[in-house]
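Engineer: Dropping the structure in here first, questions after.
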Amino acid sequence: MDKIKKRARDHGLTFGTLPTGKENTITDVPGVSVGQITLFEGEDIRTGVTAVLPHEGNLFREKVLAGTSVINGFGKTTGLVQIDELGLLESPIMLTNTFSVPAVTEGTLQYLLQENEEIGTTTGTVNVVVGECNDSSLNDIRGLHVRPDHANSSIKRASSHVGEGVVGAGTGMSCLGFKGGVGTSSRIVGDGTLGVLVVSNFGARNDVDLPTGSIMMIVATDYALNERQLQRVAKRTTFGLALTGSTAHHGSGDIAIAFSTAKKIDHEGDELERFKFLRDDHSVMNDIFNATASATEEAIWNSLFAAETTVGRDGNEERAITREEALEIRQSLVGMKD
């Protein structure tokens with residue numbers, strides 16, 4: 001059986017009824033970009049950094065609304081408490097391995113300080129958002145190989161292209177007992193777009209109902225949603241995650257961050273902000289929830305389909321899933337007949 005080298009839809013899998021965006025990636029949302037640095041060196045360095053940028057402007061000066069959902073909190077993220085308090089995202093969303101959160105935070109801070117000389121002097125501080133998963137099965141995580149300049153570089157190389165599988169923060173990750181990593185998907189919802197990017201690192205072969213590990217799920221949309229509504233959207237990633245067999249195991253960090261590009265909030269704006277948001281009872285809100293769940297599920301499967309067999313620390317190997325294995329697992333989970 002050959003390892004899968006394509007995306008899920010290339011093998012006939014479908015996810016929900018809504019159409020995908022042009023590239024079926026999170027960057028189908030206008031203005032969103034992704035940058036990645038991959039560290040694949042020697043026999044035991046299998047890690048990296050992934051940066052998700054909400055828009056191409058100055059992220060500190062032009063903030064966007066955001067919300068979070070912590071499905072299970074066995075994680076070491078930074079910046080979530082301020083998003084929950086103020087509903088604003090003012091940095092790239094950075095993803096890496098567990099022990100590299102401090103280095104990536106420092107590198108991202110350096111980038112923001114270079115862009116904004118007033119931070120910490122004539123204005124306040126900045127909230128850096130970093131998420132993580134544990135890649136120690138394949139990566140020498142104790143070596144602290146990710147450095148601040150890797151974070152800085154990942155931001156600067158952000159573009160509309162999104163690599164999947166063994167790339168960026170997904171380089172050393174595993175999913176459902178196979179090689180996992182970065183995956184992405186998008187949906188067209190009425191007049192708007194919604195996209196999801198994941199770093200998948202949960203589950204064990206022959207034990208898909210009791211997974212271990214973690215996942216970071218990032219949702220972007222150009223719909224005009226407020227911070228409370230974005231928190232609701234972030235919660236809906238749970239259903240896409242559940243469709244892949246996760247039950248949010250005790251030791252898993254299952255965390256979602258959702259943001260909207262529809263409104264930029266000026267750092268020194270008027271005293272009174274004026275907004276227009278989608279009504280909660282508008283029918284399209286249910287479509288947005290549906291899109292979030294199905295794009296999350298597809299992004300997870302894309303992370304598996306794109307990944308290649310990887311050997312890392314101490315000779316540990318996570319092999320690529322085969323088409324037959326993927327279909328067998330999915331049929332057992334959702335009763336599909338492919």
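Ordered as shown in the structure tokens, chains take letters A, B, and onward, while each chain numbers its residues from 1 and ligands are numbered from 1 in the order shown.
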Set the distance at 7 Å and use only C-alpha atoms: which residues neighbour stretch 165-182 of chain A once local chain neighbours fewer than 6 positions away are removed? I'd like the list as a PyMOL selection string.
Structural biologist: chain A and resi 36-38+46-50+95-97+135+138-139+198-205+208+303-304+306-309+318-321
Engineer: Could you please take those selected residues and save N, CA and C atoms as a tab-separated table (two decimals), in the first residue's frame?
Structural biologist:
chain	number	residue	atom	x	y	z
A	36	GLN	N	6.01	29.82	7.34
A	36	GLN	CA	6.49	28.65	8.08
A	36	GLN	C	8.00	28.50	7.96
A	37	ILE	N	8.59	28.09	9.07
A	37	ILE	CA	10.01	27.72	9.12
A	37	ILE	C	10.07	26.27	9.59
A	38	THR	N	10.75	25.43	8.80
A	38	THR	CA	10.87	24.01	9.11
A	38	THR	C	12.30	23.70	9.51
A	46	ARG	N	13.31	17.79	14.53
A	46	ARG	CA	12.11	17.69	13.70
A	46	ARG	C	11.06	18.64	14.29
A	47	THR	N	11.17	19.92	13.96
A	47	THR	CA	10.29	20.90	14.59
A	47	THR	C	10.19	22.13	13.71
A	48	GLY	N	9.58	23.19	14.20
A	48	GLY	CA	9.46	24.40	13.39
A	48	GLY	C	8.48	25.40	13.95
A	49	VAL	N	8.14	26.38	13.11
A	49	VAL	CA	7.24	27.47	13.50
A	49	VAL	C	6.27	27.75	12.37
A	50	THR	N	5.02	27.98	12.71
A	50	THR	CA	4.01	28.41	11.75
A	50	THR	C	3.39	29.71	12.25
A	95	LEU	N	2.56	29.29	16.10
A	95	LEU	CA	2.42	27.89	16.50
A	95	LEU	C	3.78	27.22	16.47
A	96	THR	N	4.07	26.37	17.48
A	96	THR	CA	5.38	25.72	17.58
A	96	THR	C	5.28	24.54	18.52
A	97	ASN	N	6.43	24.03	19.00
A	97	ASN	CA	6.39	22.94	19.97
A	97	ASN	C	6.36	23.49	21.40
A	135	ASP	N	5.99	17.77	20.34
A	135	ASP	CA	6.54	16.95	19.26
A	135	ASP	C	7.71	16.08	19.71
A	138	LEU	N	9.29	12.68	17.97
A	138	LEU	CA	10.21	12.74	16.84
A	138	LEU	C	11.30	13.78	17.00
A	139	ASN	N	11.07	14.77	17.85
A	139	ASN	CA	11.98	15.90	17.97
A	139	ASN	C	12.71	15.91	19.31
A	198	VAL	N	-4.90	23.83	11.10
A	198	VAL	CA	-4.65	23.05	12.30
A	198	VAL	C	-3.20	22.59	12.36
A	199	VAL	N	-2.74	22.35	13.57
A	199	VAL	CA	-1.54	21.54	13.81
A	199	VAL	C	-2.03	20.33	14.59
A	200	SER	N	-2.07	19.17	13.92
A	200	SER	CA	-2.68	17.97	14.50
A	200	SER	C	-1.62	17.12	15.20
A	201	ASN	N	-1.96	16.73	16.43
A	201	ASN	CA	-0.99	15.97	17.24
A	201	ASN	C	-1.72	15.16	18.30
A	202	PHE	N	-2.71	14.38	17.87
A	202	PHE	CA	-3.52	13.63	18.83
A	202	PHE	C	-3.82	12.25	18.28
A	203	GLY	N	-4.22	11.35	19.19
A	203	GLY	CA	-4.70	10.05	18.77
A	203	GLY	C	-3.61	9.01	18.65
A	204	ALA	N	-4.03	7.75	18.74
A	204	ALA	CA	-3.09	6.62	18.63
A	204	ALA	C	-3.71	5.54	17.76
A	205	ARG	N	-2.89	4.84	16.99
A	205	ARG	CA	-3.38	3.77	16.13
A	205	ARG	C	-4.11	2.72	16.95
A	208	VAL	N	-8.53	5.14	18.34
A	208	VAL	CA	-8.98	6.45	17.89
A	208	VAL	C	-10.07	7.04	18.78
A	303	SER	N	-3.97	17.22	6.99
A	303	SER	CA	-2.67	17.14	7.66
A	303	SER	C	-2.11	15.73	7.62
A	304	LEU	N	-2.99	14.75	7.66
A	304	LEU	CA	-2.57	13.34	7.57
A	304	LEU	C	-2.21	12.96	6.15
A	306	ALA	N	-1.20	14.76	3.71
A	306	ALA	CA	-0.02	15.44	3.18
A	306	ALA	C	1.27	14.98	3.82
A	307	ALA	N	1.18	14.36	4.99
A	307	ALA	CA	2.39	14.02	5.74
A	307	ALA	C	3.12	12.82	5.14
A	308	GLU	N	4.43	12.85	5.27
A	308	GLU	CA	5.28	11.75	4.81
A	308	GLU	C	5.90	11.03	6.01
A	309	THR	N	6.21	9.77	5.84
A	309	THR	CA	6.86	9.00	6.90
A	309	THR	C	8.10	9.74	7.37
A	318	GLU	N	7.25	7.78	12.67
A	318	GLU	CA	5.82	7.93	12.47
A	318	GLU	C	5.60	7.83	10.97
A	319	ARG	N	4.88	6.82	10.55
A	319	ARG	CA	4.75	6.60	9.12
A	319	ARG	C	3.51	7.28	8.55
A	320	ALA	N	3.56	7.55	7.28
A	320	ALA	CA	2.42	8.15	6.59
A	320	ALA	C	1.27	7.18	6.53
A	321	ILE	N	0.09	7.68	6.65
A	321	ILE	CA	-1.10	6.85	6.57
A	321	ILE	C	-1.29	6.41	5.12
Engineer: What's around A:Lys76 at 9 Å? Count only C-alpha atoms, leave out sequence neighbours fewer than 5 positions away in its own chain, and write the answer as a list in words.
Structural biologist: Thr98, Phe99, Val101, Val130, Gly131, Glu132, Cys133 and Gly253 of chain A
Engineer: Using DSSP on the backbone, list every residue of stretch 128-244 of chain A that comes out as alpha helix (DSSP H), and give them as a list in words.
Structural biologist: Pro148, Asp149, His150, Ala151, Asn152, Ser153, Ser154, Ile155, Lys156, Glu227, Arg228, Gln229, Leu230, Gln231, Arg232, Val233, Ala234, Lys235, Thr237, Thr238, Phe239, Gly240, Leu241 and Ala242 of chain A
Engineer: Can you spit out the residues from that selection as an mmCIF file, in the first residue's frame, using N, CA, C and O atoms?
Structural biologist:
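After the write, part_6.cif holds the following:
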data_model
loop_
_atom_site.group_PDB
_atom_site.id
_atom_site.type_symbol
_atom_site.label_atom_id
_atom_site.label_comp_id
_atom_site.auth_asym_id
_atom_site.auth_seq_id
_atom_site.Cartn_x
_atom_site.Cartn_y
_atom_site.Cartn_z
ATOM 1 N N PRO A 148 14.458 32.601 18.588
ATOM 2 C CA PRO A 148 13.633 33.771 18.264
ATOM 3 C C PRO A 148 13.681 34.177 16.800
ATOM 4 O O PRO A 148 12.668 34.588 16.226
ATOM 5 N N ASP A 149 14.846 34.054 16.157
ATOM 6 C CA ASP A 149 14.942 34.476 14.757
ATOM 7 C C ASP A 149 14.121 33.589 13.827
ATOM 8 O O ASP A 149 13.688 34.028 12.755
ATOM 9 N N HIS A 150 13.846 32.342 14.239
ATOM 10 C CA HIS A 150 12.992 31.479 13.432
ATOM 11 C C HIS A 150 11.559 32.016 13.427
ATOM 12 O O HIS A 150 10.879 31.993 12.386
ATOM 13 N N ALA A 151 11.102 32.486 14.575
ATOM 14 C CA ALA A 151 9.765 33.081 14.644
ATOM 15 C C ALA A 151 9.689 34.325 13.781
ATOM 16 O O ALA A 151 8.747 34.519 13.001
ATOM 17 N N ASN A 152 10.695 35.189 13.923
ATOM 18 C CA ASN A 152 10.748 36.421 13.147
ATOM 19 C C ASN A 152 10.719 36.115 11.650
ATOM 20 O O ASN A 152 9.982 36.737 10.872
ATOM 21 N N SER A 153 11.496 35.128 11.236
ATOM 22 C CA SER A 153 11.576 34.769 9.821
ATOM 23 C C SER A 153 10.258 34.196 9.304
ATOM 24 O O SER A 153 9.861 34.459 8.156
ATOM 25 N N SER A 154 9.580 33.412 10.120
ATOM 26 C CA SER A 154 8.316 32.818 9.678
ATOM 27 C C SER A 154 7.278 33.903 9.400
ATOM 28 O O SER A 154 6.485 33.783 8.458
ATOM 29 N N ILE A 155 7.288 34.957 10.203
ATOM 30 C CA ILE A 155 6.359 36.065 9.978
ATOM 31 C C ILE A 155 6.692 36.783 8.680
ATOM 32 O O ILE A 155 5.803 37.082 7.872
ATOM 33 N N LYS A 156 7.951 37.047 8.467
ATOM 34 C CA LYS A 156 8.368 37.824 7.301
ATOM 35 C C LYS A 156 8.172 37.077 5.981
ATOM 36 O O LYS A 156 8.084 37.709 4.924
ATOM 37 N N GLU A 227 -16.596 39.817 19.062
ATOM 38 C CA GLU A 227 -15.718 38.910 19.798
ATOM 39 C C GLU A 227 -16.472 37.785 20.483
ATOM 40 O O GLU A 227 -15.983 36.657 20.587
ATOM 41 N N ARG A 228 -17.697 38.059 20.946
ATOM 42 C CA ARG A 228 -18.500 37.004 21.559
ATOM 43 C C ARG A 228 -18.911 35.975 20.519
ATOM 44 O O ARG A 228 -18.850 34.762 20.769
ATOM 45 N N GLN A 229 -19.296 36.427 19.336
ATOM 46 C CA GLN A 229 -19.663 35.503 18.270
ATOM 47 C C GLN A 229 -18.467 34.678 17.799
ATOM 48 O O GLN A 229 -18.610 33.501 17.470
ATOM 49 N N LEU A 230 -17.294 35.289 17.781
ATOM 50 C CA LEU A 230 -16.094 34.554 17.392
ATOM 51 C C LEU A 230 -15.742 33.483 18.412
ATOM 52 O O LEU A 230 -15.226 32.413 18.051
ATOM 53 N N GLN A 231 -16.040 33.752 19.668
ATOM 54 C CA GLN A 231 -15.859 32.704 20.677
ATOM 55 C C GLN A 231 -16.800 31.538 20.402
ATOM 56 O O GLN A 231 -16.421 30.364 20.523
ATOM 57 N N ARG A 232 -18.013 31.843 19.984
ATOM 58 C CA ARG A 232 -18.965 30.790 19.618
ATOM 59 C C ARG A 232 -18.443 29.991 18.427
ATOM 60 O O ARG A 232 -18.577 28.762 18.382
ATOM 61 N N VAL A 233 -17.897 30.693 17.437
ATOM 62 C CA VAL A 233 -17.328 30.006 16.279
ATOM 63 C C VAL A 233 -16.181 29.093 16.708
ATOM 64 O O VAL A 233 -16.092 27.933 16.275
ATOM 65 N N ALA A 234 -15.288 29.602 17.554
ATOM 66 C CA ALA A 234 -14.149 28.798 18.010
ATOM 67 C C ALA A 234 -14.617 27.509 18.672
ATOM 68 O O ALA A 234 -14.008 26.442 18.492
ATOM 69 N N LYS A 235 -15.724 27.575 19.407
ATOM 70 C CA LYS A 235 -16.248 26.380 20.066
ATOM 71 C C LYS A 235 -16.653 25.311 19.058
ATOM 72 O O LYS A 235 -16.595 24.119 19.349
ATOM 73 N N THR A 237 -15.226 24.298 16.465
ATOM 74 C CA THR A 237 -14.151 23.409 16.021
ATOM 75 C C THR A 237 -14.232 22.071 16.741
ATOM 76 O O THR A 237 -13.766 21.048 16.227
ATOM 77 N N THR A 238 -14.833 22.078 17.937
ATOM 78 C CA THR A 238 -14.979 20.855 18.728
ATOM 79 C C THR A 238 -15.654 19.751 17.927
ATOM 80 O O THR A 238 -15.270 18.579 18.000
ATOM 81 N N PHE A 239 -16.669 20.138 17.146
ATOM 82 C CA PHE A 239 -17.439 19.125 16.433
ATOM 83 C C PHE A 239 -16.650 18.528 15.273
ATOM 84 O O PHE A 239 -16.749 17.325 14.992
ATOM 85 N N GLY A 240 -15.862 19.346 14.593
ATOM 86 C CA GLY A 240 -14.989 18.809 13.555
ATOM 87 C C GLY A 240 -13.929 17.906 14.131
ATOM 88 O O GLY A 240 -13.598 16.863 13.562
ATOM 89 N N LEU A 241 -13.386 18.292 15.279
ATOM 90 C CA LEU A 241 -12.392 17.472 15.966
ATOM 91 C C LEU A 241 -12.992 16.145 16.398
ATOM 92 O O LEU A 241 -12.384 15.083 16.240
ATOM 93 N N ALA A 242 -14.223 16.179 16.925
ATOM 94 C CA ALA A 242 -14.886 14.954 17.377
ATOM 95 C C ALA A 242 -15.132 13.991 16.222
ATOM 96 O O ALA A 242 -15.057 12.766 16.400
#
Engineer: What lies within 9 Å of A:Gly192 using only C-alpha atoms, ignoring chain neighbours under 3 positions off, as a ChimeraX atom specification?
Structural biologist: /A:29,187-189,221-223
Engineer: Atom CA of A:Thr25 to atom CA of A:Leu243: how many Å, to one decimal?
Structural biologist: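 Atom CA of A:Leu243 lies at a distance of 19.5 Å from atom CA of A:Thr25.
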Engineer: Applying 9 Å and only C-alpha atoms, which residues near A:Val52 remain after dropping the ones on its own chain fewer than 2 positions away? List them as a ChimeraX atom specification.
Structural biologist: /A:32-36,50,54,92-95,155,158,197,218
